[in-house]
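Worksheet: the structure to be examined is printed underneath.
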Amino acid sequence: MSEKSQNSVKLHNLDISEPVSQPSSLSSLAETCKTWGFFQITNHGISSDLYTKISSISKELFNLPSETKLKLGPFSSTKTYTPHFIASPFFESLRVSGPNFFASAQSSADILFHQQTSLFSEMLQEYGSKMVKLSKKIMEILLMSLGDGFERKYEPEFKNCHGYIRINNYSPPESVEEDHEEVEGLGMHTDMSCVTIVYQDKIGGLQVRSEEGKWMDISPCEGTLLVNIGDMLQAWTNERFRSSEHRVVLRRPKNRFSLAFFWCFADEKVVLAPEGVVGEGNMRMYKPFVCFDYLRFRENDERGKFEKVGFTVKDFAGVKPNAV
Ligand SMILES: O=C(O)CCC(=O)C(=O)O
Ligand SMILES: [Fe+2]
C-alpha cells in the first residue's frame, strides 16, 4: 500500500478547436510542458457516446476468461494483450495499432469473440483516426510554442510518426475500501512516445510527479482529454519539454478504464535535437539515437519491466545520465 496524497494539479487548458496565435498562450503552453509535461485539451471532437461504446465493449472483452485473453499474448504471436502481473496485479491492457486500427482490432476480436462482429473494430478505427488527426494538430501547436515558424520548419521530422491505442483495464483488489487505502494500478513510468493522449474515466487515480518529486492527482474532468509529453520529445526538444513520471493509484473498489494513444517517431528515426531548438550557446543533452534501439533498451530493462522508470532516455542517450 502506498502513502496517500491528496494534492491535485490544475492543468493548463488548450482549446484545440481554436487557432492559437496569441504569443502569451503559446508561451504558457511551452512553460507547462516544461514544468509538468501534462496539459489538457477541450473541444477535441470526440463524443462521450464513442467513449461509452468503446468502454462497454472493452468491458465485455476484459470479462472473458483468462485462457481466452491469453490467446492474444503476451506469449502468442499477436502479443496485443498484456495480462495481470506484468505491469501490476491489477492492470491488463489490449493494444490496437495504426494506421489500420480496424485490421488490428479485428485480428484480436476474431480470436476473442465467437460471433463475427465488426462493431469493436469500427469504433477503434474511428477513435484511432481521430487520435491521429489530433496528434498532428497538437504537434503543430507544440512546435509553434517552441519558436516562430517552427511548425513549418520542423514538420518534416514528424511526418513518419505512427500511433497506437492501449485500452487499459484496472481491477482493484476487494481489500481496497473506499478512500481508505490505495494500491498502485500502474507503477511510475514515463511514456516512450512523442506525445500521449489519455482519456480517463470518472474513477480517477492518475498522478504526475512534480519536479520536487511530489505525487499530484490529475482529477478527471468531463469533456477533456489529457496530453502528456513522452521521452522522444523530451530528447528531441533537448529538455525544453519534460516527459514526466506518472502512475495510477486505485482508491475505490471499482474497475477503472482508460484509453491511451501513443504518437511515436518511426522506429528507424534518428532522434537528434535540431540546433534551432537547442538554441545558440546551449549544449545538446542527448547523443543521437535510433528510436528502435531505445524501445529495445526499455523492453530489456529487467529492473523496471513494462516501461517502468528504472531507466529512462536520459540513461540511454543522455550526455550526463541520471544518477542510478
Ligand atoms: O490509465 C491512465 O490514466 C494512464 C495510463 C498510462 O499512463 C499509460 O498507459 O501509459
Ligand atoms: Fe503512461
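Residue names in the C-alpha cells use chain letters A, B, ... in the order shown, residue numbers from 1 in each chain, and ligand numbers from 1 in the order shown.
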
- [ ] List the neighbours of range 150-161 of chain A out to 6 Å using only C-alpha atoms; skip same-chain residues closer than 4 positions along the sequence, and give me the result as an MDAnalysis selection string.
- [x] chainID A and resid 140 143:144 264:266

Would you put the residues from that selection into a file with N, CA, C and O atoms, as a compact mmCIF listing (two decimals), in the first residue's frame?
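Below is the file that was written, out-v5.txt:
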# COMPACT_ATOMS: atom_id res chain seq x y z
N GLU A 140 1.70 20.33 -34.06
CA GLU A 140 1.85 21.62 -34.75
C GLU A 140 1.88 22.76 -33.72
O GLU A 140 2.76 23.63 -33.77
N LEU A 143 5.10 22.72 -31.66
CA LEU A 143 6.25 23.26 -32.40
C LEU A 143 6.17 24.79 -32.45
O LEU A 143 7.19 25.46 -32.26
N MET A 144 4.94 25.29 -32.65
CA MET A 144 4.77 26.77 -32.64
C MET A 144 5.22 27.35 -31.32
O MET A 144 5.80 28.44 -31.26
N CYS A 264 4.18 8.28 -31.91
CA CYS A 264 5.62 8.00 -31.79
C CYS A 264 6.36 8.27 -33.09
O CYS A 264 5.80 8.15 -34.18
N PHE A 265 7.65 8.53 -32.97
CA PHE A 265 8.51 8.59 -34.15
C PHE A 265 8.59 7.20 -34.76
O PHE A 265 8.41 6.19 -34.05
N ALA A 266 8.90 7.14 -36.06
CA ALA A 266 9.12 5.84 -36.71
C ALA A 266 10.31 5.15 -36.04
O ALA A 266 11.23 5.83 -35.56

Open item on the list: Neighbouring residues of ligand 1 are defined here as those with any atom at most 7 Å from a ligand atom, counting only C-alpha atoms and all ligand atoms; list them as number ranges by chain.
Closed with: A: 166, 168, 191, 198-200, 206, 246-248, 257-260

Task: Exercise answer, 12 Å around ligand 2 with only C-alpha atoms and all ligand atoms, as a PyMOL selection string - done: chain A and resi 37-38+87+165-168+185-200+206-208+226-231+243-248+258-262+306-309

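CA of Arg251 in chain A lies 6.1 Å from CA of Glu181 in chain A.
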
Near range 212-222 of chain A, within 8 Å and counting only C-alpha atoms, which residues show up once chain neighbours fewer than 5 positions away are dropped, as a PDB file with C-alpha atoms, in the first residue's frame?
ATOM      1  CA  SER A   5      -1.582  12.038  -1.484  1.00  0.00           C
ATOM      2  CA  GLN A   6      -4.450  14.454  -1.853  1.00  0.00           C
ATOM      3  CA  ASN A   7      -2.973  17.315  -3.853  1.00  0.00           C
ATOM      4  CA  SER A   8      -4.327  17.821  -7.265  1.00  0.00           C
ATOM      5  CA  VAL A   9      -2.743  19.803 -10.055  1.00  0.00           C
ATOM      6  CA  LYS A  10      -4.622  22.379 -12.078  1.00  0.00           C
ATOM      7  CA  GLN A 200      -9.547   8.502 -18.103  1.00  0.00           C
ATOM      8  CA  ASP A 201     -12.993   7.639 -16.788  1.00  0.00           C
ATOM      9  CA  LYS A 202     -14.622   9.192 -13.713  1.00  0.00           C
ATOM     10  CA  ILE A 203     -12.879   6.973 -11.167  1.00  0.00           C
ATOM     11  CA  GLY A 204      -9.631   8.974 -11.152  1.00  0.00           C
ATOM     12  CA  GLY A 205      -6.270   7.880  -9.814  1.00  0.00           C
ATOM     13  CA  LEU A 206      -3.828   9.212 -12.405  1.00  0.00           C
ATOM     14  CA  GLN A 207      -0.943  11.062 -10.778  1.00  0.00           C
TER      15      GLN A 207
END

Task: Selection near range 104-106 of chain A, 12 Å with only C-alpha atoms, sequence-local residues under 2 positions removed, as a PyMOL selection string - done: chain A and resi 54+58+61+72+78-81+94-102+108-113+116-128+164-167

Restricting it to N, CA and C atoms, dump the selection as a compact mmCIF listing (two decimals), in the first residue's frame.
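Saved file selection.txt follows:
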# COMPACT_ATOMS: atom_id res chain seq x y z
N ILE A 54 -17.04 2.35 -26.58
CA ILE A 54 -15.75 1.63 -26.52
C ILE A 54 -15.57 1.01 -25.14
N SER A 58 -15.23 -2.93 -24.39
CA SER A 58 -13.95 -3.33 -23.81
C SER A 58 -14.18 -4.11 -22.51
N LEU A 61 -14.89 -7.54 -23.25
CA LEU A 61 -13.66 -8.21 -23.66
C LEU A 61 -12.80 -8.60 -22.44
N LEU A 72 -4.13 -13.95 -27.02
CA LEU A 72 -3.61 -12.74 -27.68
C LEU A 72 -2.24 -12.30 -27.15
N THR A 78 0.42 -12.80 -31.61
CA THR A 78 -0.18 -11.46 -31.74
C THR A 78 0.39 -10.46 -30.73
N LYS A 79 0.58 -10.90 -29.49
CA LYS A 79 1.18 -10.03 -28.45
C LYS A 79 0.43 -8.72 -28.26
N THR A 80 -0.89 -8.73 -28.43
CA THR A 80 -1.61 -7.47 -28.24
C THR A 80 -2.14 -7.34 -26.81
N TYR A 81 -2.16 -8.46 -26.08
CA TYR A 81 -2.72 -8.44 -24.73
C TYR A 81 -1.62 -8.48 -23.67
N LEU A 94 -5.02 -4.00 -23.75
CA LEU A 94 -5.04 -4.51 -25.12
C LEU A 94 -4.54 -3.40 -26.04
N ARG A 95 -3.68 -3.80 -26.97
CA ARG A 95 -3.09 -2.81 -27.88
C ARG A 95 -3.74 -2.90 -29.26
N VAL A 96 -4.06 -1.76 -29.82
CA VAL A 96 -4.62 -1.69 -31.17
C VAL A 96 -3.73 -0.73 -31.96
N SER A 97 -3.08 -1.25 -33.01
CA SER A 97 -2.07 -0.45 -33.70
C SER A 97 -2.59 0.19 -34.98
N GLY A 98 -2.09 1.37 -35.27
CA GLY A 98 -2.40 2.05 -36.51
C GLY A 98 -1.39 1.69 -37.57
N PRO A 99 -1.47 2.17 -38.79
CA PRO A 99 -2.52 3.11 -39.21
C PRO A 99 -3.86 2.42 -39.49
N ASN A 100 -3.85 1.10 -39.68
CA ASN A 100 -5.12 0.41 -39.92
C ASN A 100 -5.65 -0.14 -38.59
N PHE A 101 -6.28 0.74 -37.82
CA PHE A 101 -6.79 0.35 -36.50
C PHE A 101 -7.86 -0.72 -36.63
N PHE A 102 -8.63 -0.64 -37.73
CA PHE A 102 -9.70 -1.62 -37.93
C PHE A 102 -9.09 -3.02 -38.01
N SER A 108 -7.66 -9.10 -33.20
CA SER A 108 -7.88 -9.51 -31.81
C SER A 108 -9.31 -10.00 -31.62
N ALA A 109 -10.27 -9.26 -32.17
CA ALA A 109 -11.69 -9.62 -31.99
C ALA A 109 -11.99 -11.00 -32.57
N ASP A 110 -11.36 -11.31 -33.69
CA ASP A 110 -11.59 -12.61 -34.32
C ASP A 110 -11.22 -13.75 -33.39
N ILE A 111 -10.17 -13.53 -32.62
CA ILE A 111 -9.72 -14.60 -31.71
C ILE A 111 -10.57 -14.62 -30.44
N LEU A 112 -11.02 -13.44 -29.99
CA LEU A 112 -11.73 -13.37 -28.71
C LEU A 112 -13.21 -13.69 -28.79
N PHE A 113 -13.86 -13.13 -29.79
CA PHE A 113 -15.32 -13.25 -29.85
C PHE A 113 -15.73 -14.37 -30.80
N GLN A 116 -19.13 -13.30 -35.15
CA GLN A 116 -18.48 -12.33 -36.03
C GLN A 116 -19.02 -10.94 -35.72
N THR A 117 -18.16 -10.05 -35.28
CA THR A 117 -18.63 -8.68 -35.06
C THR A 117 -17.56 -7.70 -35.51
N SER A 118 -18.01 -6.65 -36.17
CA SER A 118 -17.01 -5.66 -36.58
C SER A 118 -17.22 -4.35 -35.83
N LEU A 119 -18.18 -4.36 -34.89
CA LEU A 119 -18.50 -3.14 -34.16
C LEU A 119 -17.28 -2.59 -33.40
N PHE A 120 -16.62 -3.48 -32.68
CA PHE A 120 -15.43 -3.12 -31.91
C PHE A 120 -14.38 -2.47 -32.82
N SER A 121 -14.11 -3.13 -33.94
CA SER A 121 -13.07 -2.64 -34.85
C SER A 121 -13.47 -1.32 -35.50
N GLU A 122 -14.76 -1.17 -35.80
CA GLU A 122 -15.20 0.09 -36.40
C GLU A 122 -15.02 1.26 -35.43
N MET A 123 -15.38 1.00 -34.17
CA MET A 123 -15.23 2.07 -33.18
C MET A 123 -13.77 2.44 -32.96
N LEU A 124 -12.91 1.43 -32.95
CA LEU A 124 -11.49 1.73 -32.73
C LEU A 124 -10.86 2.40 -33.95
N GLN A 125 -11.38 2.07 -35.13
CA GLN A 125 -10.90 2.76 -36.33
C GLN A 125 -11.28 4.25 -36.24
N GLU A 126 -12.52 4.50 -35.82
CA GLU A 126 -12.97 5.89 -35.70
C GLU A 126 -12.11 6.62 -34.66
N TYR A 127 -11.92 5.96 -33.53
CA TYR A 127 -11.14 6.58 -32.45
C TYR A 127 -9.69 6.82 -32.89
N GLY A 128 -9.09 5.79 -33.47
CA GLY A 128 -7.68 5.87 -33.89
C GLY A 128 -7.47 6.97 -34.91
N TYR A 164 -0.50 4.19 -31.76
CA TYR A 164 -1.25 3.00 -31.32
C TYR A 164 -2.07 3.33 -30.07
N ILE A 165 -3.15 2.57 -29.92
CA ILE A 165 -4.06 2.77 -28.78
C ILE A 165 -3.79 1.66 -27.77
N ARG A 166 -3.78 2.02 -26.48
CA ARG A 166 -3.77 0.97 -25.46
C ARG A 166 -5.04 1.12 -24.62
N ILE A 167 -5.82 0.05 -24.60
CA ILE A 167 -7.05 0.04 -23.79
C ILE A 167 -6.66 -0.54 -22.44

Open item on the list: Here is a test: counting only C-alpha atoms, which residue of A:Lys53, A:Asn13, A:Ser171, A:Glu182 is nearest to Leu26 in chain A?
Closed with: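 Of A:Lys53, A:Asn13, A:Ser171, A:Glu182, the one nearest Leu26 in chain A is A:Asn13, counting only C-alpha atoms.
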
- [ ] Per DSSP on the backbone, filter range 74-188 of chain A down to the residues in helix (DSSP H, G or I) and report them as a VMD selection string.
- [x] chain A and resid 101 to 112 119 to 146 150 to 153 155 to 158

Pick out each residue of range 169-294 of chain A that DSSP on the backbone tags as strand (DSSP E or B); I need them as a short mmCIF file (atom, residue, chain, number, x, y, z; two decimals) with C-alpha atoms, in the first residue's frame.
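Okay, states.cif is ready:
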data_model
loop_
_atom_site.label_atom_id
_atom_site.label_comp_id
_atom_site.auth_asym_id
_atom_site.auth_seq_id
_atom_site.Cartn_x
_atom_site.Cartn_y
_atom_site.Cartn_z
CA ASN A 169 -8.45 -2.03 -17.52
CA TYR A 170 -7.77 -1.72 -13.79
CA VAL A 183 -2.72 0.35 -4.34
CA GLU A 184 -0.65 1.02 -7.41
CA GLY A 185 -2.60 0.12 -10.53
CA LEU A 186 0.25 1.13 -12.83
CA GLY A 187 3.68 1.90 -11.43
CA MET A 188 5.71 5.02 -12.01
CA HIS A 189 6.84 5.32 -15.61
CA VAL A 195 3.01 12.75 -27.12
CA THR A 196 0.36 10.60 -25.44
CA ILE A 197 -3.36 11.45 -25.39
CA VAL A 198 -5.22 9.96 -22.42
CA TYR A 199 -8.88 9.50 -21.70
CA GLN A 200 -9.55 8.50 -18.10
CA LEU A 206 -3.83 9.21 -12.41
CA GLN A 207 -0.94 11.06 -10.78
CA VAL A 208 2.01 13.07 -12.05
CA ARG A 209 5.27 13.58 -10.18
CA TRP A 215 2.76 12.95 -6.39
CA MET A 216 -0.12 15.13 -7.57
CA ASP A 217 -3.56 13.92 -8.63
CA LEU A 225 -8.51 14.81 -22.75
CA LEU A 226 -5.05 14.77 -21.23
CA VAL A 227 -1.91 15.20 -23.25
CA ASN A 228 1.50 14.30 -21.94
CA ILE A 229 4.98 14.67 -23.37
CA HIS A 246 3.31 9.32 -13.78
CA ARG A 247 1.39 6.41 -12.26
CA VAL A 248 -2.12 5.25 -11.47
CA VAL A 249 -3.33 4.59 -7.93
CA LEU A 250 -6.55 2.75 -7.14
CA ARG A 256 -11.14 1.82 -13.80
CA PHE A 257 -10.96 2.23 -17.55
CA SER A 258 -8.68 4.39 -19.67
CA LEU A 259 -7.55 4.75 -23.26
CA ALA A 260 -4.04 5.91 -24.04
CA PHE A 261 -2.95 6.89 -27.54
CA PHE A 262 0.78 6.98 -28.17
CA TRP A 263 2.06 9.12 -31.06
CA CYS A 264 5.62 8.00 -31.79
CA VAL A 270 17.38 9.09 -35.52
CA VAL A 271 16.47 11.45 -32.68
CA TYR A 286 21.40 13.80 -25.71
CA PHE A 289 19.97 7.64 -31.04
CA VAL A 290 17.73 5.40 -33.12
#

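Using only C-alpha atoms, the nearest neighbour of Ser88 in chain A within the list A:Pro23, A:Ala103, A:Leu64, A:Pro173 is A:Pro173.
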
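For the pair CA of Ala317 in chain A and CA of Lys287 in chain A, the interatomic distance is 5.3 Å.
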
Open item on the list: Between CA of Glu18 in chain A and CA of Thr32 in chain A, what distance in Å does the model show, to one decimal?
Closed with: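 Taking CA of Glu18 in chain A and CA of Thr32 in chain A, their separation equals 18.8 Å.
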